[in-house]
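Undergrad: The structure that follows is given in the form of structure tokens.
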Amino acid sequence: MPFILRRLGFYVVAAWVALTVNFFLPRWVPGNAVEAIMSKFPSLQPAAYHALEAMLGVGNGGSIWHQYGSYLVDVLHLNFGISSSEYPAHVSTLLAQTIPWTLVLVGTATVIAFFLGTLLGILAGWRHGGWLERLLPGLMFLQAIPYFFLALLLLYLLAVNVHIFPMGQGYAGGLIPGWNWSFISSAFFHSLLPAFTIVITSVAGWMLQMRNVMITTIGEDYVLAAQAKGLRNRRVIFSYAARNALLPQLQGFGLALGFVVSGAIVMEIVFSYPGIGLLLLNSVTSDDYPLTQAIFLVITFAVLIANLIVDLVIVAVDPRVRTREAA
Amino acid sequence: MATAPPLPINVELPALEETPPRQLGRWRRLPLKAKAGVVLLGFFVLVAIIGPLVAPYDPGFQNPSPALSMAAPSAAHLLGTTQSGQDVLSQLLSGIRLTLELALLVGVIAGALSVIVGVASAFLGGVWDELLSLLTNVFLVIPALPLLIVLLGYLPHTGQTATILVLALLGWPWGARVIRAQTLSIRNRDFIAASRESGERGWRIIAFEIVPNEVSLIAANFVNTVLYAIGASVALAFIGVTNLSSWSLGTMLYWAQSQQALQFGAWWWFVPPGLAVALMGTSLVLLNTGIDELGNPRLRDANQRARINGRRLLPTDPTPVLSATLPAGRQSPVMAFMRSFSRSAYVSDRAQRLSAPKPSEGQR
């Protein structure tokens, strides 16, 4: 299918660009990982420089193109090197520890927000001028609130003033992560406030977009025709109007799903949630180049893969994409 | 053949009503949301301009008096003080200026970039189009916030300039895509062909024919970019990846968070900057929705239109006929009384009696 092939080609190019940027960026900017460590520990002898280089796998000789080649090979083998801030740990182990936290929390929250917002948008668009639309200015305010500020407010109200929710972290201190009830319930309880924050701040965006498309779709003749056939309202709304209005929404959902891995960086920092966002900030502030690079790559690839999946879904649900390519 | 009455000659024409100035009429026709957005944004621009001049204290001045460490709002410090005795109101005033300044600059640079790339891509076509579209799409899918954090983390803290440039560098692709699509549809119209035939140069066609036709799109894109810049810059400052010695709304939040304003219950420290960001953002969202509604009448508030005779019509309902349209269901009693003398009331009452709607509908 040419459409999919073209998209695949695009994603390959995008992935290559991300890899290349990721490779050259730390080499362009002044300073490098080894110097960062050297300056952090003044007691190190200059002779330690090469030892550090070897340890971190940077500057392993050869021209820059040679390094570039071996970097690509390393990435293909998921070998991201060793973290310098948490020294003996491999970058891939650190990633494996943090990604599930982010994925579960932000993923669930994004999906909930998408479905809730889309449903509200469908209703608001159908009942154009109805009571749901009166809420729009308030929702716009919610959308414009920086979500970390809402997080701060909620923490202040519900964790500091009234001790209902914990101040942050992924689970209560003293628990050991595992598949037992006390850990899972604690993790669930700790995730409520962050998830609520994400849902509240992003639901308005989905709703607004869906409403706008829905209003435009309702003006189409086929909706009128369906109505004229005497179909039930529910059927007209969901099978005729909403189904077509959903297509642009799906594109946005792809982007949002990709940003699941990255989008809540700041939220994780507010709640000290043990996800990938907190890890990224820690690695940036401690000049841990291998870790930073790996996290950025993972986030970018998550976005690319999510977009690819959405492209496949769109090909499946929108016959126009297929026929346009065939013609 | 009926003879027409003779035309009156030398009759004084009634004085023409003076037409209101054009500008005022345009303002009145703006959707309510756009008006609210303009007023709110204007307020913040005003604060940004005169705020630092009327600020009661130097935002960085640390009052060593222990009584003023995280003091609650008082007459001397209207919004209280920070942990080191700085005046929150003064910080807020200069923070609004800095944040707005940065966001507007980013909006201008990124907006210009997206116009250049979008128009060039659509106008040049061919290989250039493929290349520039590819570039746009790549920038679009690469996640901006992590890249911003990584870039600004790598760069030494050079202050505002680095932040502005990096934000602008990552903020243009969405606008470029929209503008490219619009240019594609414009470039095939007749007036472009005409100016091409008359030998206009390419850049002249772009500057005088194409771009003026996209002003509303460019404006909406600018508003969006400013919104993005406010959000991203405040988020970046909040996590400390910026020049922390300046006073922006983001750095205020950063210091409040890192010095535990939350735990000490110093709400006056973190609520004002957050609220300022939220309101600024709201004004821009309102403005954007207003621009949208101006361009797409379907989106406009349907409160008057859709509620007919107290009954809300679905957009897909058949066109309401006489009985449904004429009587106004919701009116003040005075207006209803006045109206009962008019001819339309008579017509509608008669029509209503003829078609005899359900009793419940007329009552509402």
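If you're wondering about the labels, chains in the structure tokens are A, B, ... by order shown, residues count from 1 in each chain, ligands from 1 in order shown.
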Using only C-alpha atoms, I'd like every residue of chain A that has an atom within 8 Å of chain B; please write them out as a PyMOL selection string.

TA: chain A and resi 10+13-14+17-18+25-26+29-30+126-130+137+140-146+148-149+152-153+155-156+160-161+212+215-216+218-219+223-224+227+255+259+262-263+266+269+281+284-285+287+292+296+299-300+303-304

Undergrad: Excluding region 102-112 of chain A and any residue of its chain fewer than 5 positions from it, enumerate the residues within 8 Å of it, using only C-alpha atoms, and give them as a CSV table (one decimal) with C-alpha atoms, in the first residue's frame.

TA:
chain,number,residue,atom,x,y,z
A,191,SER,CA,-1.1,7.8,41.1
A,194,PRO,CA,-1.1,13.0,39.0
A,195,ALA,CA,-3.6,11.2,36.8
A,196,PHE,CA,-6.4,13.5,37.8
A,198,ILE,CA,-3.5,15.2,33.5
A,199,VAL,CA,-7.1,14.4,32.8
A,202,SER,CA,-6.1,17.9,28.7
A,256,ALA,CA,-0.6,12.6,22.3
A,257,LEU,CA,0.0,8.9,22.7
A,260,VAL,CA,2.7,9.9,26.8
A,261,VAL,CA,6.3,9.0,27.4
A,264,ALA,CA,4.3,14.6,31.7
A,274,PRO,CA,9.7,7.8,39.6
A,275,GLY,CA,9.1,8.0,35.9
A,276,ILE,CA,11.2,8.8,32.9
A,277,GLY,CA,10.6,12.6,33.2

Undergrad: Take CA of Leu102 (chain B) and CA of Leu41 (chain B) and report the distance between them in Å, one decimal.

TA: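 Computed distance, CA of Leu102 (chain B) to CA of Leu41 (chain B), equals 15.1 Å.
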